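See below for the structure under consideration.
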Amino acid sequence: MDTSKIPAVIANNVDVTYQVLGAGSQTRDDSVEGFFGRAKNRARSQVGTRTVHAVKDVSFTAYKGESIGLIGRNGSGKSTLLRSVAGLIPPTGGSIYLNGQASLLGVNAALMKNLSGARNIMIGGQALGLSRREVREKFDEIVDFADIGDFINLPMSSYSSGMAARLRFAISTVKVPDILVVDEALATGDAEFKARATARIAEIREGAGTIFLVSHSAKQIESMCTRGLWLDKGHLIMDGPSSEVAAAYAKKYPARKTAARRPAKKATTKKAPAKKTPAKKAPAKAAPAKDTPVQDVPTTGRPEGQ
Amino acid sequence: MTLGGPDRESSIPGMPPAEAAALAREHGMDQVGVRPPFGRYLRDLWRHRSFLITMSAADYNSRHQQNVLGQIWGLLNPIMIGAAYFLIFGLLLETNRGLEPGTYPTFLMIGLFSFIFISSGMNAGSKAITGNMGMVRALRFPRVILPISISITELFATLPAYAMALIVALLSGETPTATWLLYPVGIVITFMVTTGIGMLFARLVYAVRDASNLVPLLTRVLRYVSGVFFVITAYSEGFVQFALNYQPVAVCLTILRQAVMEQFAVDWTMWLAAAGWGIVLMVAGVVVFWQGEATYGHK
C-alpha cells in the first residue's frame with residue numbers, strides 16, 4: 001500500500017503535564033498539636049497546585065489509512081495524549097505534527113449545555129470550519145444520524161447521555177476530518193448506534209483518513225483497529241499490529257466476564273481470547289455491538305470546566 | 001513490526017527532533033500546540049467570524065432562558081437598576097453638582113448603562129477561558145474568539161438599555177441634533193475598550209487563577225472613580241481630575257454624554273483620547289492573548 005507510507009501524525013518525545021489547582025500538599029501531618037497548628041495544617045493542604053505528568057516521552061508515527069487503538073489502564077494518559085494530538089492540549093515537551101485537520105470526539109458530549117441541540121449543531125459545525133449555509137444544508141442529516149427527534153430544540157441539559165453522545169458524534173463527523181480522534185465516545189449509546197458509528201468510522205478510514213480510538217477493551221481494539229498503542233503510566237510501552245498488542249494486553253490484564261466477578265483461575269482467561277476468534281472474522285459492524293467494553297467511570301481524562 | 005512489550009518500564013524511543021521535523025516538512029505537515037504566526041492567527045480569526053457571531057447570539061439567547069419572562073428581562077433590568085440609582089443618587093444624595101436642572105436622569109442612564117456594559121464585559125471576559133474549558137478541550141479554533149464573543153454578547157445585552165437611555169433623554173427635554181449620530185460611534189469605541197480589557201484579563205486570569213478574585217474589586221473601584229453618577233470635574237481638581245477624566249472607562253462615558261446631551265459640547269480631544277484607548281487596548285489585548293495561545297488547555 002502506497003498510501004500507508006504518508007505520515008498523518010508524527011509525535012516525537014511528547015510530554016504533557018497539567019496542573020491541578022487547590023490540591024496542595026495533599027498530605028496532612030497528623031502529629032501536629034494545638035488549635036493554630038492544626039488550622040495551619042488544614043489550610044496548607046488546600047493551597048497551591050500540583051503538577052500531573054500525564055504523558056511521558058511518547059513517540060510514534062501514524063500513517064494515512066491506519067486506525068490506531070490506544071489501550072491502557074485508567075489514568076495511563078490515553079485521553080490526554082489524544083487531546084494533544086487533536087491540538088487541544090498543547091504538549092509541554094516534544095513535538096506533534098499533523099497532516100490535515102484533526103477532530104476530537106469526546107465523552108463530554110454537550111458543547112454548551114444550556115443551549116438547544118440545534119444551536120449546538122450550528123456552533124459545532126461552524127467551529128469545524130463549515131459556513132452557516134453548509135451547516136444548514138447538513139442539518140437534517142445530522143439530526144437523522146443522531147436520531148433525537150423533537151429533542152433537537154430542547155436544551156442539551158435535558159438530554160440523556162446516549163442522546164448527547166449521538167448528537168456529538170453526528171456533529172463531529174459532519175465534516176469528514178483527516179484525523180478523527182475518538183475518546184471512548186462509543187462506550188455510550190446503544191448497540192444499534194454503535195453499529196452505525198462503526199460504519200461511519202469505516203467510511204472515514206476508506207477516505208484515507210486516520211482514526212485514533214481509546215478503549216479499555218482489547219477486543220474492541222482488535223476488531224476495529226489495524227494498529228495498537230499500549231500506554232502504561234504515561235509511557236508508550238508497546239506499538240504494533242492491533243492483534244499482537246491486544247493479545248499481550250489481554251494476557252497481562254485478563255478481561256473479566258462481569259464487572260463484579262474476578263476470574264480466579266488463569267485457565268478461564270486463557271480460553272477467552274481463543275473463544276472469541278470467530279468474532280474477529282464477523283463483519284466489523286456486528287462485532288462492537290456484542291462487545292461490552294469494560295465501562296469505567298468516564299472521568300479517565302480530566303474534569304471539564306475547571 | 002512490533003516495538004516494545006508489556007514489560008517495558010519506559011517509552012519506546014523516538015527519532016531525533018531534527019529528523020522528525022524534516023519528515024514533517026517533507027510532507028507539508030503542521031506542528032500543533034505551537035503558537036501560529038500573528039498574521040495567520042488573524043486570518044484564522046477572520047475565517048471563524050460567523051462562528052463568533054453564532055456563539056455570541058447563542059450565549060445571549062441562553063441568558064434569560066431560565067426565567068418565565070425570558071428576553072423581556074433584557075429591558076426590565078436596566079429600567080429597574082436605573083430607577084434604583086436615580087432614587088439613591090438623584091433624590092437622596094443629590095450628586096448632581098455641575099449639571100443643569102432636569103438633566104440628571106439622562107446623565108445617570110448613559111453613565112450607568114455604559115458602566116454596566118464595561119464592567120460585566122470585564123468580569124465575564126476574565127473567565128473567558130477558565131469558564132469555557134469544555135469548549136477549549138473539545139474544539140480547535142483561535143481561542144481569542146472566546147473573550148471577543150463574550151464582549152459581543154454583553155454588547156447585545158446592553159443595546160436595549162442604550163436605546164432606553166435615548167428615550168429618557170427625549171423625555172427629559174433633549175432635542176436630537178447631528179451629534180446624536182456620534183452615539184453609535186461612541187458605543188463602538190466603548191465596545192473596543194471593553195473587548196481589549198476582556199482579552200487582557202482572560203490571559204491574566206488563565207495564567208494566575210487567583211487574579212479572578214481581584215477583578216470584582218477592580219470593577220467596584222472603577223464604579224466610583226469613573227463618574228458614573230457624578231460629574232468628575234465638579235468633584236475633583238488638578239492631577240486627580242486629569243487622571244480620573246482620561247482613564248479608559250471615564251472617557252467612554254464622557255463621549256457618549258457629549259453625543260446626546262446638549263450641555264456637554266463635543267470635545268474632540270476627549271474623542272481622540274477615547275479612540276486612542278480603544279485602539280491601544282484592542283491591539284494590546286489581541287497581541288497579549290495571542291502570545292499565550294499555546295498554553296490554553298494546560299490547567
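Scheme for the C-alpha cells: letters A, B, ... for chains in order shown; per-chain residue numbers from 1; ligand numbers from 1 in order shown.
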
Any idea what's packed within 12 Å of Ser50 (chain B), counting only C-alpha atoms, ignoring anything in its chain fewer than 4 positions away? Could you give it as a PDB file with C-alpha atoms, in the first residue's frame?
ATOM      1  CA  MET A 122     -24.629  25.427  14.469  1.00  0.00           C
ATOM      2  CA  ILE A 123     -21.804  26.147  16.915  1.00  0.00           C
ATOM      3  CA  GLY A 124     -20.046  22.809  16.468  1.00  0.00           C
ATOM      4  CA  GLY A 125     -20.358  22.812  12.688  1.00  0.00           C
ATOM      5  CA  GLN A 126     -19.020  26.328  12.362  1.00  0.00           C
ATOM      6  CA  ALA A 127     -16.187  25.612  14.761  1.00  0.00           C
ATOM      7  CA  LEU A 128     -15.182  22.780  12.448  1.00  0.00           C
ATOM      8  CA  GLY A 129     -14.930  25.309   9.665  1.00  0.00           C
ATOM      9  CA  LEU A 130     -18.249  24.914   7.862  1.00  0.00           C
ATOM     10  CA  SER A 131     -20.117  28.007   6.773  1.00  0.00           C
ATOM     11  CA  ARG A 132     -23.533  28.808   8.176  1.00  0.00           C
ATOM     12  CA  ARG A 133     -25.143  27.668   4.925  1.00  0.00           C
ATOM     13  CA  GLU A 134     -23.247  24.396   4.838  1.00  0.00           C
ATOM     14  CA  VAL A 135     -24.339  23.609   8.382  1.00  0.00           C
TER      15      VAL A 135
ATOM     16  CA  ASP B  44      -7.876  32.220  11.122  1.00  0.00           C
ATOM     17  CA  LEU B  45      -9.940  34.541  13.313  1.00  0.00           C
ATOM     18  CA  TRP B  46     -11.463  36.154  10.224  1.00  0.00           C
ATOM     19  CA  THR B  54     -23.303  32.427  16.237  1.00  0.00           C
ATOM     20  CA  MET B  55     -21.672  31.845  19.582  1.00  0.00           C
ATOM     21  CA  SER B  56     -22.387  35.353  20.841  1.00  0.00           C
ATOM     22  CA  ALA B  57     -26.019  35.190  19.772  1.00  0.00           C
ATOM     23  CA  ILE B 145     -12.833  34.110  19.871  1.00  0.00           C
ATOM     24  CA  SER B 149     -17.656  36.667  21.774  1.00  0.00           C
TER      25      SER B 149
END

Check: Would you list which chain B residues are within 9 Å of chain A using only C-alpha atoms, as JSON, numbers by chain?
Finding: {"B": [1, 2, 3, 4, 5, 6, 7, 8, 9, 10, 11, 12, 13, 14, 15, 16, 17, 20, 21, 23, 24, 27, 28, 29, 30, 31, 32, 33, 34, 47, 48, 50, 51, 52, 54, 55, 58, 59, 61, 62, 65, 130, 131, 132, 133, 134, 135, 136, 137, 138, 139, 140, 141, 209, 294, 295, 296, 297, 298, 299]}

Next item on the list: Would you list, as a ChimeraX atom specification, the residues of region 32-270 of chain A that end up in strand (DSSP E) under DSSP run on this structure's backbone?
Entry: /A:49-63,67-71,93-98,102-105,179-183,210-215,227-232,235-241

Next item on the list: Would you mind telling me which residue in B:Phe191, B:Val168, B:Ile148, B:Ser126 lies nearest to Ala211 (chain B) when using only C-alpha atoms?
Entry: B:Ser126

Item checked: helix (DSSP H, G or I) call set, DSSP backbone run, region 83-222 of chain A, as number ranges by chain -> A: 83-85, 117-127, 132-146, 149-153, 156-158, 161-172, 185-187, 191-206, 218-222

Next item on the list: Compile the contact shell of region 204-206 of chain A as a list in words: residues with an atom at most 10 Å away, counting only C-alpha atoms, same-chain residues fewer than 3 positions apart removed.
Entry: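 The contact residues come out as Lys64, Gly65, Glu66, Ser67, Thr173, Val176, Pro177, Asp178, Ile179, Leu180, Thr198, Ala199, Arg200, Ile201, Gly209, Thr210 and Ile211 of chain A.
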
Output all heavy atoms for every residue in that selection, as a tab-separated table (two decimals), in the first residue's frame.
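Output saved as result-v5.tsv:
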chain	number	residue	atom	x	y	z
A	64	LYS	N	-1.45	7.46	6.97
A	64	LYS	CA	-2.80	7.62	6.43
A	64	LYS	C	-3.46	6.27	6.23
A	64	LYS	O	-2.81	5.33	5.78
A	64	LYS	CB	-2.75	8.39	5.11
A	64	LYS	CG	-2.54	9.85	5.33
A	64	LYS	CD	-2.94	10.66	4.11
A	64	LYS	CE	-2.89	12.13	4.47
A	64	LYS	NZ	-3.12	13.00	3.33
A	65	GLY	N	-4.75	6.19	6.55
A	65	GLY	CA	-5.50	4.96	6.35
A	65	GLY	C	-5.39	3.99	7.52
A	65	GLY	O	-6.04	2.96	7.51
A	66	GLU	N	-4.57	4.34	8.50
A	66	GLU	CA	-4.46	3.46	9.66
A	66	GLU	C	-5.57	3.77	10.65
A	66	GLU	O	-6.02	4.91	10.76
A	66	GLU	CB	-3.12	3.70	10.37
A	66	GLU	CG	-1.99	2.86	9.83
A	66	GLU	CD	-0.72	3.02	10.66
A	66	GLU	OE1	-0.47	4.11	11.19
A	66	GLU	OE2	0.01	2.04	10.76
A	67	SER	N	-6.00	2.75	11.37
A	67	SER	CA	-6.83	3.05	12.52
A	67	SER	C	-6.10	2.50	13.74
A	67	SER	O	-5.74	1.34	13.80
A	67	SER	CB	-8.24	2.48	12.37
A	67	SER	OG	-8.22	1.10	12.52
A	173	THR	N	-18.54	14.36	12.97
A	173	THR	CA	-18.19	13.70	11.72
A	173	THR	C	-18.89	14.31	10.52
A	173	THR	O	-18.81	13.79	9.42
A	173	THR	CB	-18.52	12.19	11.78
A	173	THR	OG1	-19.90	12.05	12.10
A	173	THR	CG2	-17.69	11.49	12.83
A	176	VAL	N	-15.92	15.48	7.18
A	176	VAL	CA	-15.03	14.33	7.33
A	176	VAL	C	-13.62	14.84	7.62
A	176	VAL	O	-13.00	15.50	6.79
A	176	VAL	CB	-15.04	13.47	6.05
A	176	VAL	CG1	-14.03	12.34	6.18
A	176	VAL	CG2	-16.43	12.91	5.84
A	177	PRO	N	-13.13	14.58	8.83
A	177	PRO	CA	-11.82	15.10	9.19
A	177	PRO	C	-10.71	14.21	8.63
A	177	PRO	O	-10.94	13.04	8.33
A	177	PRO	CB	-11.83	15.05	10.72
A	177	PRO	CG	-12.77	13.94	11.05
A	177	PRO	CD	-13.74	13.81	9.91
A	178	ASP	N	-9.52	14.76	8.48
A	178	ASP	CA	-8.39	13.96	8.03
A	178	ASP	C	-7.97	13.00	9.13
A	178	ASP	O	-7.52	11.89	8.88
A	178	ASP	CB	-7.21	14.87	7.67
A	178	ASP	CG	-7.60	15.91	6.64
A	178	ASP	OD1	-8.04	15.50	5.56
A	178	ASP	OD2	-7.50	17.11	6.92
A	179	ILE	N	-8.12	13.47	10.36
A	179	ILE	CA	-7.74	12.66	11.51
A	179	ILE	C	-8.90	12.72	12.50
A	179	ILE	O	-9.29	13.80	12.95
A	179	ILE	CB	-6.46	13.22	12.17
A	179	ILE	CG1	-5.30	13.20	11.17
A	179	ILE	CG2	-6.12	12.42	13.43
A	179	ILE	CD1	-4.26	14.26	11.42
A	180	LEU	N	-9.48	11.58	12.80
A	180	LEU	CA	-10.58	11.54	13.76
A	180	LEU	C	-10.10	10.89	15.04
A	180	LEU	O	-9.53	9.80	15.02
A	180	LEU	CB	-11.78	10.78	13.19
A	180	LEU	CG	-12.98	10.67	14.13
A	180	LEU	CD1	-13.61	12.02	14.37
A	180	LEU	CD2	-14.03	9.71	13.58
A	198	THR	N	-19.76	2.69	13.96
A	198	THR	CA	-18.67	1.89	13.41
A	198	THR	C	-18.64	1.99	11.90
A	198	THR	O	-17.57	2.11	11.29
A	198	THR	CB	-18.84	0.42	13.83
A	198	THR	OG1	-19.07	0.38	15.23
A	198	THR	CG2	-17.61	-0.38	13.51
A	199	ALA	N	-19.82	1.97	11.28
A	199	ALA	CA	-19.88	2.09	9.82
A	199	ALA	C	-19.33	3.44	9.37
A	199	ALA	O	-18.58	3.53	8.40
A	199	ALA	CB	-21.32	1.91	9.34
A	200	ARG	N	-19.69	4.51	10.12
A	200	ARG	CA	-19.22	5.84	9.76
A	200	ARG	C	-17.70	5.93	9.89
A	200	ARG	O	-17.02	6.53	9.07
A	200	ARG	CB	-19.93	6.88	10.64
A	200	ARG	CG	-19.51	8.32	10.46
A	200	ARG	CD	-19.97	8.95	9.15
A	200	ARG	NE	-21.38	9.30	9.11
A	200	ARG	CZ	-21.86	10.52	9.33
A	200	ARG	NH1	-21.08	11.50	9.65
A	200	ARG	NH2	-23.14	10.77	9.22
A	201	ILE	N	-17.17	5.28	10.94
A	201	ILE	CA	-15.72	5.29	11.13
A	201	ILE	C	-15.03	4.56	9.99
A	201	ILE	O	-14.01	5.02	9.46
A	201	ILE	CB	-15.37	4.66	12.50
A	201	ILE	CG1	-15.72	5.65	13.61
A	201	ILE	CG2	-13.91	4.27	12.57
A	201	ILE	CD1	-15.47	5.15	15.01
A	209	GLY	N	-8.54	8.59	5.70
A	209	GLY	CA	-8.39	9.30	6.96
A	209	GLY	C	-7.70	8.41	7.98
A	209	GLY	O	-7.51	7.22	7.76
A	210	THR	N	-7.31	9.00	9.07
A	210	THR	CA	-6.65	8.25	10.14
A	210	THR	C	-7.53	8.32	11.38
A	210	THR	O	-8.06	9.38	11.70
A	210	THR	CB	-5.27	8.86	10.45
A	210	THR	OG1	-4.58	9.02	9.22
A	210	THR	CG2	-4.49	7.98	11.39
A	211	ILE	N	-7.70	7.18	12.02
A	211	ILE	CA	-8.57	7.14	13.20
A	211	ILE	C	-7.74	6.80	14.43
A	211	ILE	O	-6.90	5.91	14.39
A	211	ILE	CB	-9.64	6.05	13.05
A	211	ILE	CG1	-10.32	6.11	11.70
A	211	ILE	CG2	-10.63	6.11	14.20
A	211	ILE	CD1	-11.51	6.97	11.63

Item checked: region 246-252 of chain B environment, 12 Å, only C-alpha atoms, sequence neighbours closer than 6 positions dropped, as an MDAnalysis selection string -> chainID B and resid 110:119 122 183:194 196:197 218:219 221:233 239:240 258:259 267:281

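For the pair CA of Ser215 (chain A) and CA of Lys175 (chain A), the interatomic distance is 23.6 Å.
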
Could you pull the residues within 10 Å of Phe201 (chain B), counting only C-alpha atoms, minus those fewer than 2 positions along the same chain, as a short mmCIF file (atom, residue, chain, number, x, y, z; two decimals) with all heavy atoms, in the first residue's frame?
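Written out: result17.cif:
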data_model
loop_
_atom_site.label_atom_id
_atom_site.label_comp_id
_atom_site.auth_asym_id
_atom_site.auth_seq_id
_atom_site.Cartn_x
_atom_site.Cartn_y
_atom_site.Cartn_z
N MET B 122 -15.80 43.05 31.53
CA MET B 122 -14.53 42.74 32.20
C MET B 122 -14.64 41.47 33.03
O MET B 122 -13.79 40.59 32.99
CB MET B 122 -14.15 43.91 33.13
CG MET B 122 -13.32 44.98 32.48
SD MET B 122 -13.32 46.48 33.46
CE MET B 122 -12.27 46.01 34.79
N ASN B 123 -15.72 41.38 33.82
CA ASN B 123 -15.90 40.22 34.69
C ASN B 123 -16.04 38.94 33.89
O ASN B 123 -15.37 37.94 34.16
CB ASN B 123 -17.14 40.40 35.56
CG ASN B 123 -16.84 41.21 36.80
OD1 ASN B 123 -15.75 41.11 37.35
ND2 ASN B 123 -17.78 42.02 37.23
N ALA B 124 -16.93 38.97 32.87
CA ALA B 124 -17.15 37.75 32.09
C ALA B 124 -15.92 37.44 31.23
O ALA B 124 -15.52 36.29 31.09
CB ALA B 124 -18.39 37.90 31.22
N GLY B 125 -15.31 38.51 30.70
CA GLY B 125 -14.13 38.31 29.84
C GLY B 125 -12.98 37.67 30.60
O GLY B 125 -12.23 36.85 30.05
N SER B 126 -12.84 38.01 31.87
CA SER B 126 -11.73 37.44 32.63
C SER B 126 -11.89 35.94 32.79
O SER B 126 -10.93 35.22 32.99
CB SER B 126 -11.63 38.12 34.00
OG SER B 126 -12.74 37.79 34.79
N LYS B 127 -13.13 35.44 32.68
CA LYS B 127 -13.35 34.00 32.80
C LYS B 127 -13.52 33.34 31.43
O LYS B 127 -14.02 32.21 31.34
CB LYS B 127 -14.60 33.73 33.64
CG LYS B 127 -14.48 34.25 35.05
CD LYS B 127 -15.69 33.80 35.87
CE LYS B 127 -15.86 34.65 37.11
NZ LYS B 127 -16.77 35.80 36.90
N ALA B 128 -13.10 34.05 30.37
CA ALA B 128 -13.36 33.55 29.02
C ALA B 128 -12.79 32.16 28.78
O ALA B 128 -13.43 31.32 28.17
CB ALA B 128 -12.80 34.53 27.99
N PRO B 147 -13.00 35.48 24.40
CA PRO B 147 -13.24 36.79 25.01
C PRO B 147 -13.98 37.76 24.09
O PRO B 147 -14.80 38.55 24.57
CB PRO B 147 -11.83 37.30 25.34
CG PRO B 147 -10.89 36.46 24.57
CD PRO B 147 -11.57 35.14 24.37
N THR B 195 -13.64 45.06 25.04
CA THR B 195 -13.05 43.85 24.48
C THR B 195 -11.56 43.77 24.78
O THR B 195 -11.03 42.71 25.13
CB THR B 195 -13.26 43.82 22.95
OG1 THR B 195 -14.62 44.13 22.67
CG2 THR B 195 -12.94 42.45 22.38
N GLY B 196 -10.88 44.91 24.65
CA GLY B 196 -9.44 44.93 24.91
C GLY B 196 -9.14 44.51 26.35
O GLY B 196 -8.30 43.63 26.59
N ILE B 197 -9.87 45.12 27.29
CA ILE B 197 -9.64 44.78 28.70
C ILE B 197 -10.00 43.31 28.93
O ILE B 197 -9.29 42.58 29.63
CB ILE B 197 -10.48 45.70 29.62
CG1 ILE B 197 -10.05 47.15 29.42
CG2 ILE B 197 -10.30 45.29 31.07
CD1 ILE B 197 -10.89 48.15 30.21
N GLY B 198 -11.10 42.86 28.31
CA GLY B 198 -11.52 41.46 28.47
C GLY B 198 -10.44 40.49 28.02
O GLY B 198 -10.15 39.50 28.70
N MET B 199 -9.80 40.76 26.88
CA MET B 199 -8.76 39.86 26.37
C MET B 199 -7.56 39.84 27.31
O MET B 199 -6.98 38.79 27.59
CB MET B 199 -8.33 40.30 24.96
CG MET B 199 -9.41 40.02 23.92
SD MET B 199 -8.87 40.32 22.22
CE MET B 199 -8.87 42.08 22.15
N ARG B 203 -6.31 36.38 29.65
CA ARG B 203 -4.99 35.76 29.72
C ARG B 203 -4.45 35.79 31.15
O ARG B 203 -3.91 34.81 31.65
CB ARG B 203 -4.03 36.51 28.78
CG ARG B 203 -2.57 36.18 29.00
CD ARG B 203 -1.95 35.46 27.84
NE ARG B 203 -0.68 34.85 28.21
CZ ARG B 203 0.50 35.33 27.87
NH1 ARG B 203 0.58 36.40 27.11
NH2 ARG B 203 1.59 34.70 28.24
N LEU B 204 -4.64 36.95 31.81
CA LEU B 204 -4.13 37.11 33.18
C LEU B 204 -4.75 36.07 34.11
O LEU B 204 -4.05 35.38 34.85
CB LEU B 204 -4.44 38.52 33.68
CG LEU B 204 -4.09 38.78 35.15
CD1 LEU B 204 -2.58 38.86 35.32
CD2 LEU B 204 -4.74 40.05 35.68
N VAL B 205 -6.08 35.95 34.06
CA VAL B 205 -6.75 35.03 34.97
C VAL B 205 -6.42 33.58 34.62
O VAL B 205 -6.33 32.73 35.50
CB VAL B 205 -8.28 35.28 34.96
CG1 VAL B 205 -9.02 34.16 35.67
CG2 VAL B 205 -8.59 36.61 35.61
N TYR B 206 -6.19 33.31 33.34
CA TYR B 206 -5.80 31.94 32.98
C TYR B 206 -4.42 31.63 33.57
O TYR B 206 -4.21 30.55 34.12
CB TYR B 206 -5.76 31.75 31.46
CG TYR B 206 -5.36 30.35 31.14
CD1 TYR B 206 -6.27 29.31 31.27
CD2 TYR B 206 -4.04 30.03 30.80
CE1 TYR B 206 -5.89 28.01 31.05
CE2 TYR B 206 -3.66 28.73 30.59
CZ TYR B 206 -4.59 27.72 30.71
OH TYR B 206 -4.21 26.43 30.51
N ALA B 207 -3.50 32.60 33.47
CA ALA B 207 -2.14 32.36 33.96
C ALA B 207 -2.10 32.35 35.49
O ALA B 207 -1.44 31.51 36.09
CB ALA B 207 -1.20 33.43 33.41
N ALA B 211 -6.14 35.72 40.33
CA ALA B 211 -6.43 37.10 39.93
C ALA B 211 -7.93 37.31 39.73
O ALA B 211 -8.41 38.43 39.80
CB ALA B 211 -5.68 37.45 38.65
N SER B 212 -8.67 36.20 39.51
CA SER B 212 -10.11 36.35 39.28
C SER B 212 -10.80 36.93 40.51
O SER B 212 -11.88 37.49 40.41
CB SER B 212 -10.74 35.01 38.90
OG SER B 212 -10.65 34.13 39.99
N VAL B 215 -10.73 40.92 40.14
CA VAL B 215 -11.48 41.62 39.09
C VAL B 215 -12.75 42.28 39.64
O VAL B 215 -12.99 43.46 39.35
CB VAL B 215 -11.80 40.67 37.92
CG1 VAL B 215 -12.64 41.37 36.87
CG2 VAL B 215 -10.51 40.17 37.28
N GLY B 285 -4.63 43.82 23.65
CA GLY B 285 -5.40 42.64 24.05
C GLY B 285 -5.16 41.47 23.11
O GLY B 285 -4.85 40.36 23.55
N VAL B 288 -1.38 40.27 23.36
CA VAL B 288 -1.09 39.58 24.62
C VAL B 288 -1.80 38.23 24.67
O VAL B 288 -1.23 37.23 25.08
CB VAL B 288 -1.48 40.47 25.83
CG1 VAL B 288 -1.45 39.67 27.12
CG2 VAL B 288 -0.54 41.66 25.93
N PHE B 289 -3.04 38.22 24.22
CA PHE B 289 -3.80 36.97 24.25
C PHE B 289 -3.16 35.94 23.31
O PHE B 289 -3.01 34.77 23.65
CB PHE B 289 -5.25 37.21 23.84
CG PHE B 289 -6.15 36.06 24.15
CD1 PHE B 289 -6.82 35.98 25.35
CD2 PHE B 289 -6.32 35.02 23.24
CE1 PHE B 289 -7.62 34.90 25.66
CE2 PHE B 289 -7.11 33.94 23.54
CZ PHE B 289 -7.76 33.88 24.75
#

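If you look at CA of Phe89 (chain B) and CA of Thr158 (chain B), they are 21.7 Å away from each other.
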
Note to self: So that I can check the surroundings of Asp140 (chain A), please list as a list of chain:residue names every protein, DNA and RNA residue that reaches within 12 Å of it, counting only C-alpha atoms and ignoring chain neighbours fewer than 5 positions away.
What the structure shows: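 Residues meeting the cut-off are A:Ala118, A:Ile121, A:Glu134, A:Val135, A:Phe145, A:Ala146, A:Asp147, A:Ile148, A:Gly149, A:Ile152, A:Leu167, A:Ala170, A:Ile171, A:Val174.
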